[in-house]
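Structure file my_file_33.txt (compact mmCIF, C-alpha atoms) is printed below.
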# COMPACT_ATOMS: atom_id res chain seq x y z
CA MET A 35 78.24 107.95 63.64
CA SER A 36 75.59 108.64 66.22
CA LYS A 37 78.06 110.90 68.01
CA SER A 38 77.01 113.97 66.03
CA GLU A 39 73.30 113.25 66.48
CA ASN A 40 73.55 112.90 70.21
CA PRO A 41 76.54 114.83 71.52
CA THR A 42 75.65 114.35 75.19
CA LYS A 43 75.74 110.57 75.01
CA LYS A 44 79.00 109.31 76.47
CA MET A 45 80.52 105.87 76.36
CA ARG A 46 80.27 104.22 79.72
CA TYR A 47 83.09 103.15 81.95
CA ILE A 48 84.27 99.55 81.98
CA ASN A 49 83.19 97.18 84.74
CA PRO A 50 85.20 98.09 87.87
CA TYR A 51 86.09 94.49 88.70
CA LEU A 52 87.38 93.99 85.15
CA GLY A 53 89.32 97.26 85.55
CA GLY A 54 90.77 95.92 88.79
CA VAL A 55 91.88 92.65 87.20
CA LEU A 56 93.53 94.55 84.33
CA LEU A 57 95.24 96.95 86.74
CA GLY A 58 96.46 93.97 88.79
CA ILE A 59 97.97 92.44 85.63
CA VAL A 60 99.74 95.74 84.78
CA LEU A 61 101.11 95.85 88.32
CA LEU A 62 102.30 92.23 88.05
CA ALA A 63 104.00 93.04 84.75
CA ALA A 64 105.85 95.95 86.39
CA ASN A 65 107.09 93.65 89.17
CA PHE A 66 108.02 90.83 86.78
CA ILE A 67 109.84 93.07 84.29
CA SER A 68 111.28 95.80 86.46
CA GLY A 69 111.18 94.36 89.98
CA ARG A 70 109.12 97.28 91.25
CA GLY A 71 105.55 98.52 91.41
CA LEU A 72 103.70 101.40 89.80
CA GLY A 73 103.87 105.00 90.99
CA ALA A 74 103.08 108.61 90.29
CA SER A 75 104.35 111.11 92.88
CA GLY A 76 107.97 110.03 92.29
CA ALA A 77 107.75 111.48 88.79
CA ALA A 78 106.56 114.79 90.27
CA LYS A 79 109.60 114.75 92.55
CA SER A 80 111.93 114.12 89.57
CA THR A 81 110.34 117.05 87.74
CA ILE A 82 110.77 119.41 90.69
CA VAL A 83 114.40 118.38 91.18
CA ALA A 84 115.12 118.80 87.46
CA THR A 85 113.44 122.22 87.47
CA VAL A 86 115.39 123.47 90.48
CA ASN A 87 118.65 122.05 89.04
CA THR A 88 118.03 124.10 85.89
CA VAL A 89 116.52 127.29 87.28
CA ALA A 90 118.52 127.61 90.51
CA PRO A 91 121.56 125.30 90.37
CA GLY A 92 123.19 127.10 93.32
CA HIS A 93 120.13 126.45 95.45
CA ALA A 94 120.10 122.76 94.45
CA GLU A 95 123.74 122.42 95.52
CA ASN A 96 123.14 124.00 98.90
CA THR A 97 119.85 122.39 99.89
CA ALA A 98 119.86 119.00 101.60
CA PHE A 99 116.84 117.54 99.78
CA PHE A 100 118.16 118.27 96.27
CA LYS A 101 121.72 117.35 97.19
CA GLU A 102 120.65 113.91 98.49
CA TYR A 103 118.48 113.28 95.45
CA ASN A 104 121.14 114.30 92.94
CA GLU A 105 123.79 112.21 94.69
CA SER A 106 121.59 109.12 94.53
CA HIS A 107 120.63 109.78 90.86
CA PRO A 108 123.94 110.42 89.06
CA GLU A 109 122.33 110.09 85.62
CA GLY A 110 120.01 113.01 86.31
CA PRO A 111 116.54 113.22 87.86
CA MET A 112 114.58 112.69 84.64
CA LYS A 113 116.28 109.40 83.74
CA ALA A 114 114.05 107.55 86.15
CA TRP A 115 111.69 104.59 85.70
CA LEU A 116 108.71 106.52 87.06
CA VAL A 117 109.22 109.42 84.67
CA PHE A 118 108.93 107.09 81.67
CA GLN A 119 106.01 105.29 83.28
CA MET A 120 104.13 108.57 83.91
CA LEU A 121 104.66 109.68 80.31
CA GLY A 122 103.01 106.39 79.39
CA VAL A 123 100.14 107.09 81.81
CA ILE A 124 99.42 110.40 80.08
CA VAL A 125 99.41 108.69 76.68
CA GLY A 126 97.34 105.72 77.89
CA ALA A 127 94.71 107.91 79.54
CA PHE A 128 94.51 110.04 76.39
CA ILE A 129 93.98 106.93 74.22
CA SER A 130 91.20 105.75 76.55
CA GLY A 131 89.62 109.21 76.51
CA ALA A 132 89.73 109.19 72.70
CA VAL A 133 88.36 105.64 72.37
CA PHE A 134 85.51 106.27 74.80
CA ASN A 135 84.79 109.78 73.52
CA ARG A 136 85.64 111.67 76.69
CA LEU A 137 88.20 114.22 75.44
CA LYS A 138 86.91 117.62 76.51
CA PHE A 139 88.25 120.68 78.30
CA LYS A 140 86.13 121.28 81.39
CA VAL A 141 86.12 121.94 85.11
CA GLU A 142 84.19 119.08 86.63
CA HIS A 143 82.29 120.18 89.73
CA SER A 144 79.07 119.67 91.63
CA PRO A 145 76.24 121.95 90.42
CA LYS A 146 76.06 123.29 93.98
CA ILE A 147 79.51 124.91 93.83
CA THR A 148 81.24 127.27 91.40
CA SER A 149 84.15 126.37 89.11
CA ARG A 150 86.23 128.84 91.06
CA ARG A 151 85.58 127.02 94.36
CA ARG A 152 86.36 123.67 92.72
CA ILE A 153 89.68 124.97 91.41
CA ILE A 154 90.69 126.49 94.74
CA PHE A 155 90.04 123.18 96.48
CA ALA A 156 91.87 121.27 93.73
CA VAL A 157 94.97 123.41 94.31
CA ILE A 158 94.77 122.94 98.10
CA GLY A 159 94.32 119.18 97.65
CA GLY A 160 97.26 119.06 95.26
CA ILE A 161 99.54 120.88 97.71
CA LEU A 162 98.55 118.50 100.52
CA PHE A 163 98.96 115.41 98.34
CA GLY A 164 102.32 116.58 97.00
CA PHE A 165 103.64 117.28 100.49
CA GLY A 166 102.15 114.14 102.06
CA SER A 167 103.46 111.86 99.31
CA GLN A 168 107.02 113.01 100.01
CA LEU A 169 106.68 112.56 103.77
CA GLY A 170 104.96 109.18 103.30
CA ARG A 171 107.41 107.94 100.61
CA GLY A 172 104.85 107.48 97.86
CA CYS A 173 101.21 108.06 97.07
CA THR A 174 98.16 105.89 96.50
CA SER A 175 99.89 104.11 93.59
CA GLY A 176 103.47 103.78 94.76
CA SER A 177 103.01 103.29 98.48
CA ALA A 178 99.48 101.97 99.04
CA LEU A 179 98.66 99.86 95.96
CA SER A 180 102.16 98.70 94.97
CA GLY A 181 103.12 98.29 98.62
CA MET A 182 100.10 96.08 99.25
CA ALA A 183 100.88 93.99 96.18
CA VAL A 184 104.23 92.99 97.69
CA MET A 185 102.63 92.65 101.15
CA SER A 186 104.66 95.55 102.59
CA LEU A 187 103.49 96.49 106.08
CA GLY A 188 104.16 100.13 105.19
CA GLY A 189 101.88 99.78 102.15
CA PHE A 190 98.96 98.64 104.30
CA ILE A 191 99.56 101.44 106.82
CA SER A 192 99.69 103.95 103.97
CA MET A 193 96.42 102.65 102.49
CA ALA A 194 94.67 102.73 105.88
CA PHE A 195 95.68 106.32 106.64
CA ILE A 196 95.03 107.78 103.18
CA PHE A 197 91.52 106.33 102.93
CA GLY A 198 90.80 106.49 106.68
CA THR A 199 91.58 110.22 106.89
CA ALA A 200 89.55 110.97 103.77
CA PHE A 201 86.56 109.13 105.30
CA VAL A 202 86.91 110.99 108.61
CA LEU A 203 87.09 114.39 106.87
CA ALA A 204 84.38 113.64 104.27
CA TRP A 205 81.60 115.15 106.38
CA PHE A 206 83.33 118.56 106.49
CA PHE A 207 83.70 118.75 102.72
CA ARG A 208 80.35 117.21 101.75
CA LYS A 209 79.09 120.42 100.13
CA ASN A 210 81.79 120.10 97.48
CA TRP A 211 80.67 116.66 96.38
CA ILE A 212 77.05 115.87 97.33
CA MET B 33 113.70 84.39 85.54
CA GLY B 34 111.99 87.52 86.88
CA PRO B 35 112.46 90.32 87.65
CA LEU B 36 113.96 90.70 84.19
CA ILE B 37 115.95 93.85 84.86
CA VAL B 38 117.54 92.64 88.11
CA ASN B 39 118.58 89.38 86.46
CA GLU B 40 120.01 91.40 83.53
CA ILE B 41 117.79 89.72 80.96
CA ILE B 42 116.90 93.15 79.59
CA SER B 43 119.00 96.32 79.39
CA GLN B 44 118.39 99.54 81.33
CA ASN B 45 117.13 101.28 78.19
CA THR B 46 114.72 98.44 77.44
CA ASN B 47 113.54 98.73 81.02
CA PHE B 48 112.76 102.43 80.52
CA PHE B 49 110.97 101.68 77.26
CA LEU B 50 108.89 98.97 78.96
CA ALA B 51 108.16 101.44 81.79
CA PHE B 52 106.56 103.64 79.15
CA ILE B 53 104.49 100.71 77.80
CA ILE B 54 103.45 99.69 81.34
CA GLY B 55 102.48 103.32 81.94
CA ILE B 56 100.22 103.25 78.86
CA GLY B 57 98.44 100.22 80.31
CA PHE B 58 98.20 101.89 83.73
CA GLY B 59 96.78 105.13 82.31
CA PHE B 60 94.37 103.34 79.97
CA VAL B 61 92.94 101.17 82.76
CA LEU B 62 92.59 104.09 85.19
CA GLU B 63 90.83 106.31 82.66
CA SER B 64 88.54 103.62 81.29
CA SER B 65 87.54 102.65 84.86
CA GLY B 66 86.46 106.25 85.54
CA PHE B 67 89.43 107.47 87.59
CA SER B 68 89.66 110.61 85.46
CA SER B 69 86.55 111.93 87.23
CA SER B 70 86.98 113.51 90.67
CA ARG B 71 83.27 113.03 91.21
CA LYS B 72 83.61 109.25 90.84
CA LEU B 73 86.75 109.16 93.01
CA ALA B 74 85.20 111.21 95.82
CA GLY B 75 82.06 109.05 95.63
CA MET B 76 84.02 106.48 97.58
CA PHE B 77 83.82 108.66 100.71
CA TYR B 78 80.07 109.28 100.48
CA GLY B 79 79.04 105.83 99.28
CA TYR B 80 77.43 106.91 96.00
CA ASP B 81 80.21 105.46 93.83
CA THR B 82 82.64 102.88 95.20
CA VAL B 83 84.59 102.28 91.99
CA VAL B 84 87.84 103.18 93.79
CA LEU B 85 87.32 100.42 96.35
CA LYS B 86 86.43 97.83 93.70
CA VAL B 87 89.28 98.61 91.29
CA PHE B 88 91.88 99.18 94.01
CA PHE B 89 91.24 96.01 95.99
CA THR B 90 90.64 93.80 92.95
CA ALA B 91 94.00 94.96 91.59
CA ALA B 92 95.73 94.42 94.93
CA ILE B 93 94.33 90.89 95.23
CA VAL B 94 95.23 89.95 91.65
CA ALA B 95 98.76 91.29 92.11
CA MET B 96 99.26 89.63 95.52
CA LEU B 97 98.02 86.26 94.28
CA GLY B 98 99.99 86.63 91.05
CA MET B 99 103.19 87.31 92.96
CA LEU B 100 102.62 84.29 95.19
CA PHE B 101 101.96 81.98 92.25
CA MET B 102 104.82 83.32 90.14
CA SER B 103 107.10 82.77 93.11
CA LEU B 104 105.73 79.25 93.61
CA PHE B 105 106.44 78.40 89.95
CA ASN B 106 109.93 79.97 90.26
CA TRP B 107 109.07 82.59 87.64
CA ILE B 108 110.06 85.43 89.93
CA ASP B 109 112.47 85.76 92.84
CA LEU B 110 110.60 87.75 95.48
CA ASP B 111 113.89 88.58 97.22
CA LEU B 112 114.82 90.71 94.21
CA VAL B 113 111.55 92.65 94.09
CA TYR B 114 111.43 96.09 95.70
CA ILE B 115 109.44 96.01 98.92
CA ASN B 116 108.47 99.35 100.39
CA PRO B 117 110.30 99.91 103.69
CA THR B 118 108.28 100.78 106.78
CA TYR B 119 108.90 104.10 108.50
CA LEU B 120 106.02 104.09 110.93
CA TRP B 121 105.29 107.72 111.82
CA SER B 122 106.19 109.42 108.57
CA THR B 123 103.92 106.92 106.78
CA ILE B 124 101.05 107.59 109.20
CA ILE B 125 101.31 111.40 109.10
CA GLY B 126 102.10 111.45 105.36
CA GLY B 127 99.11 109.18 104.75
CA ALA B 128 96.83 111.43 106.82
CA ILE B 129 97.97 114.53 104.89
CA MET B 130 97.36 112.66 101.61
CA GLY B 131 93.89 111.66 102.82
CA ALA B 132 93.10 115.33 103.49
CA GLY B 133 94.39 116.12 99.99
CA PHE B 134 92.19 113.41 98.51
CA ILE B 135 88.93 114.70 99.99
CA THR B 136 89.68 118.37 99.22
CA GLY B 137 91.28 117.90 95.79
CA GLY B 138 89.29 114.91 94.56
CA PHE B 139 92.33 113.26 92.96
CA CYS B 140 95.49 111.44 93.85
CA PRO B 141 98.67 112.05 91.82
CA GLY B 142 98.21 109.23 89.28
CA THR B 143 94.53 109.94 88.66
CA SER B 144 95.15 113.69 88.32
CA PHE B 145 97.49 113.06 85.37
CA CYS B 146 94.86 110.82 83.73
CA ALA B 147 92.19 113.47 84.20
CA ALA B 148 94.42 116.29 82.94
CA SER B 149 95.26 114.16 79.91
CA ILE B 150 91.60 114.09 78.81
CA GLY B 151 91.12 117.81 79.45
CA LYS B 152 89.96 118.18 83.08
CA ILE B 153 91.05 121.70 84.02
CA ASP B 154 90.57 121.09 87.76
CA ALA B 155 93.08 118.23 87.49
CA MET B 156 95.63 120.57 85.87
CA PHE B 157 95.32 122.88 88.88
CA PHE B 158 95.66 119.88 91.22
CA ILE B 159 98.91 118.97 89.46
CA GLY B 160 100.16 122.55 89.85
CA GLY B 161 99.38 122.33 93.56
CA MET B 162 101.10 118.96 93.79
CA PHE B 163 104.33 120.33 92.31
CA LEU B 164 104.13 123.16 94.81
CA GLY B 165 103.58 120.67 97.65
CA VAL B 166 106.63 118.62 96.64
CA PHE B 167 108.69 121.83 96.44
CA LEU B 168 107.49 122.93 99.90
CA PHE B 169 108.55 119.56 101.32
CA ALA B 170 111.97 119.93 99.70
CA GLU B 171 112.42 123.39 101.23
CA ALA B 172 111.19 122.25 104.66
CA TYR B 173 113.31 119.08 104.49
CA PRO B 174 115.98 120.20 107.02
CA LEU B 175 113.23 120.65 109.63
CA LEU B 176 111.54 117.36 108.77
CA GLU B 177 114.55 115.14 108.14
CA ASP B 178 114.73 113.55 111.60
CA PHE B 179 111.03 112.79 111.60
CA TYR B 180 111.17 111.56 107.97
CA LYS B 181 114.01 109.13 108.67
CA GLY B 182 112.87 108.18 112.18
CA SER B 183 110.84 105.19 113.42
CA PHE B 184 112.35 102.89 110.78
CA LYS B 185 110.96 99.38 111.24
CA GLY B 186 112.90 97.57 108.55
CA ILE B 187 111.22 96.01 105.53
CA PRO B 188 108.60 93.73 107.10
CA THR B 189 105.70 92.22 105.20
CA LEU B 190 102.25 92.13 106.75
CA SER B 191 102.53 88.37 107.18
CA GLU B 192 105.88 88.68 108.98
CA ALA B 193 104.41 91.36 111.26
CA MET B 194 101.46 89.09 112.06
CA GLY B 195 103.58 85.95 112.29
CA LEU B 196 101.45 84.13 109.72
CA LYS B 197 102.11 82.51 106.35
CA ASP B 198 101.72 84.65 103.22
CA GLY B 199 98.97 82.44 101.83
CA ILE B 200 96.86 82.71 105.00
CA VAL B 201 97.17 86.51 105.07
CA VAL B 202 96.29 86.80 101.36
CA LEU B 203 93.26 84.58 101.93
CA GLY B 204 92.21 86.83 104.81
CA ILE B 205 92.60 89.93 102.62
CA ILE B 206 90.53 88.33 99.86
CA VAL B 207 87.72 87.52 102.29
CA ALA B 208 87.90 91.06 103.71
CA ALA B 209 87.82 92.54 100.20
CA LEU B 210 84.77 90.47 99.22
CA GLY B 211 83.04 91.80 102.35
CA MET B 212 83.96 95.37 101.39
CA PHE B 213 82.72 94.84 97.82
CA TRP B 214 79.38 93.72 99.25
CA VAL B 215 79.20 96.83 101.45
CA GLY B 216 80.17 98.97 98.44
CA GLU B 217 77.39 97.56 96.25
CA TRP B 218 74.94 98.10 99.10
CA ALA B 219 76.12 101.71 99.66
CA GLU B 220 75.71 102.61 95.97
CA LYS B 221 72.05 101.61 96.16
CA LYS B 222 71.54 103.32 99.51
CA PHE B 223 73.18 106.69 98.69
CA PRO B 224 72.53 107.33 94.98
CA GLN B 225 73.59 110.63 93.40
CA LYS B 226 72.68 112.18 90.08
CA GLU B 227 75.48 112.46 87.54
CA TYR B 228 76.74 115.88 86.59
Before we go any further, please render this structure as structure tokens.
Amino acid sequence: MSKSENPTKKMRYINPYLGGVLLGIVLLAANFISGRGLGASGAAKSTIVATVNTVAPGHAENTAFFKEYNESHPEGPMKAWLVFQMLGVIVGAFISGAVFNRLKFKVEHSPKITSRRRIIFAVIGGILFGFGSQLGRGCTSGSALSGMAVMSLGGFISMAFIFGTAFVLAWFFRKNWI
Amino acid sequence: MGPLIVNEIISQNTNFFLAFIIGIGFGFVLESSGFSSSRKLAGMFYGYDTVVLKVFFTAAIVAMLGMLFMSLFNWIDLDLVYINPTYLWSTIIGGAIMGAGFITGGFCPGTSFCAASIGKIDAMFFIGGMFLGVFLFAEAYPLLEDFYKGSFKGIPTLSEAMGLKDGIVVLGIIVAALGMFWVGEWAEKKFPQKEY
């Protein structure tokens, strides 16, 4: 194949409107089959609860957050719809990366900043997103997109404040991206 | 007929298996649309790449319309579908914190898993941070519980809140989205950036 002759040539991304239609169909399927939307941060919560249950069971029994979660999930934190869905996401993204020739270990960052700076900001962003998604009861997928699909008022508020805040703060972080 | 699980047409284990299949579709679409690149995601906020806007709102419109039509044809009972409840202030502050995370980290939770899956090391660090953030919330929960559970507004839809019919509101959202797509296409030409 031409891959070996021209290693820098990458397959392009699909048309965004086509991607949107396909994503909408996946979201419809989730609602039709399972009566719920897509999500992501919920699986992170399950993982944290499962980890604390295993590593520090005493702490899990004495802390309100873990106690509430375990009481409402008697079959265990990992036997959750979102956990299975996120495992699928990892597989699906990997298949797409393989099909379109994008599998590669790298730190993606603007040429104006170092890898180190990119990683520090990625960790900070992750902490904020993890915390915010718990306070806001879901992230961009579970609260904003899936919430909007079922016309939830909370979903629209979530969408407005996630994207609105990022727009407002964009100027301060412009060096990282442009 | 739908939702299949609520109407006990499929078993709980089948539901989990189908969650996995749905996840494969979700991950494949996100990655192939370019959501595994923080540069493309952040482009939304500087105008050089508005793929997030286009994919996100196209998906929302397709899903909204699909739900309305499936309900009209009696294929799905909307009363049995999970609708996100509205807790006003925790959604606003949580959303603002997530927005700050988006512009600093360049990912959201779902996209970070896609990116990590194809080898983006920055995404793996984002995921590490995200786990830490969830853990911090869990530890701070006693302090936050009143705020988290406060300002509960029930489970209203946008159309109920506005006092309009679903179809009218969806039509309004479609028109608004088409306007935003036009602005997005314009912005990409106005603020081009080299790929890296």
Looking at A:Arg46, A:Gly170, A:Ser68, A:Asn104, which one is nearest to A:Val86, with distances taken over only C-alpha atoms? A:Asn104
If you count all atoms listed in the file, the residue of A:Thr81, A:Asn135, A:Asn210, A:Gln119 closest to chain B turns out to be A:Gln119
So the first atom is atom CA of A:Phe165 and the second is atom CA of B:Met76; what is the distance between them in Å, to one decimal place?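 We find that atom CA of A:Phe165 and atom CA of B:Met76 lie 22.6 Å from each other.
With only C-alpha atoms taken into account, the protein and nucleic acid residues at most 12 Å from B:Phe48 (excluding it and anything under 4 positions from it in its own chain) are Ala64, Ile67, Ser68, Met112, Lys113, Ala114, Trp115, Leu116, Val117, Phe118, Gln119, Met120, Leu121 and Gly122 of chain A; Ile37, Ile42, Ser43, Gln44, Phe52, Ile53, Ile54 and Gly55 of chain B.
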Please indicate the distance in Å from atom CA of B:Gly137 to atom CA of A:Val125, rounded to one decimal place.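 Separating atom CA of B:Gly137 from atom CA of A:Val125 is a distance of 22.7 Å.
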Can you tell me how far atom CA of B:Ser64 sits from atom CA of B:Gly151, in Å to one decimal? 14.5 Å
Residue nearest A:Ser186 among A:Gly71, A:Ile59, A:Phe201, A:Leu52 (counting all atoms listed in the file):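 For A:Ser186, the nearest of the given residues is A:Gly71.
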Which residues of stretch 126-167 of chain A come within 9 Å of stretch 109-128 of chain B, and what is each one's closest atom pair and distance in Å (one decimal), counting only C-alpha atoms, sorted by chain and residue number, as a tab-separated table?
residue	atom	partner	partner_atom	distance
A:Phe163	CA	B:Gly126	CA	8.6
A:Phe165	CA	B:Gly126	CA	7.8
A:Gly166	CA	B:Gly126	CA	4.3
A:Ser167	CA	B:Gly126	CA	6.2
For stretch 48-51 of chain A: contacts at 6 Å, all atoms listed in the file, fewer than 2 positions along chain excluded, given as a list in words: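 Listing them by chain and then by number gives Gly53 and Gly54 of chain A; Ser64, Ser65, Val83, Lys86 and Val87 of chain B.
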Nearest to chain B, chosen from A:Gly126, A:Gly172, A:Pro108, A:Gly198, with only C-alpha atoms counted in the distances: A:Gly126
Residue among B:Phe184, B:Phe158, B:Tyr173, B:Phe134 lying closest to B:Gly75, counting all atoms listed in the file: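 Looking only at the distances to B:Gly75, the closest residue turns out to be B:Phe134.
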Hey, which of A:Leu179, A:Leu169, A:Val184, A:Val141 ends up closest to A:Phe197? Count only C-alpha atoms.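 The answer is A:Leu179, which sits nearest to A:Phe197.
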Around the point (92.5, 124.2, 97.8) in the file's coordinates, collect all residues with an atom within 12 Å, using only C-alpha atoms, and return them as a PyMOL selection string. (chain A and resi 150-163+207+210) or (chain B and resi 132-139+154-155+157-162+165)
Give me the residues near stretch 189-204 of chain B as a list of chain:residue names, where near means some atom within 8 Å (using only C-alpha atoms) and where sequence neighbours in that chain fewer than 6 positions away do not count.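 Result of the neighbour search: A:Val184, A:Met185, A:Ser186, A:Leu187, A:Phe190, B:Ile93, B:Met96, B:Leu97, B:Leu100.
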So that all listed atoms of stretch 134-151 of chain B fit with 6 Å spare on each side, what axis-aligned box centre and edge lengths in Å, to one decimal, would you give as JSON?
{"center_x": 93.8, "center_y": 113.8, "center_z": 89.4, "size_x": 21.7, "size_y": 21.1, "size_z": 33.2}
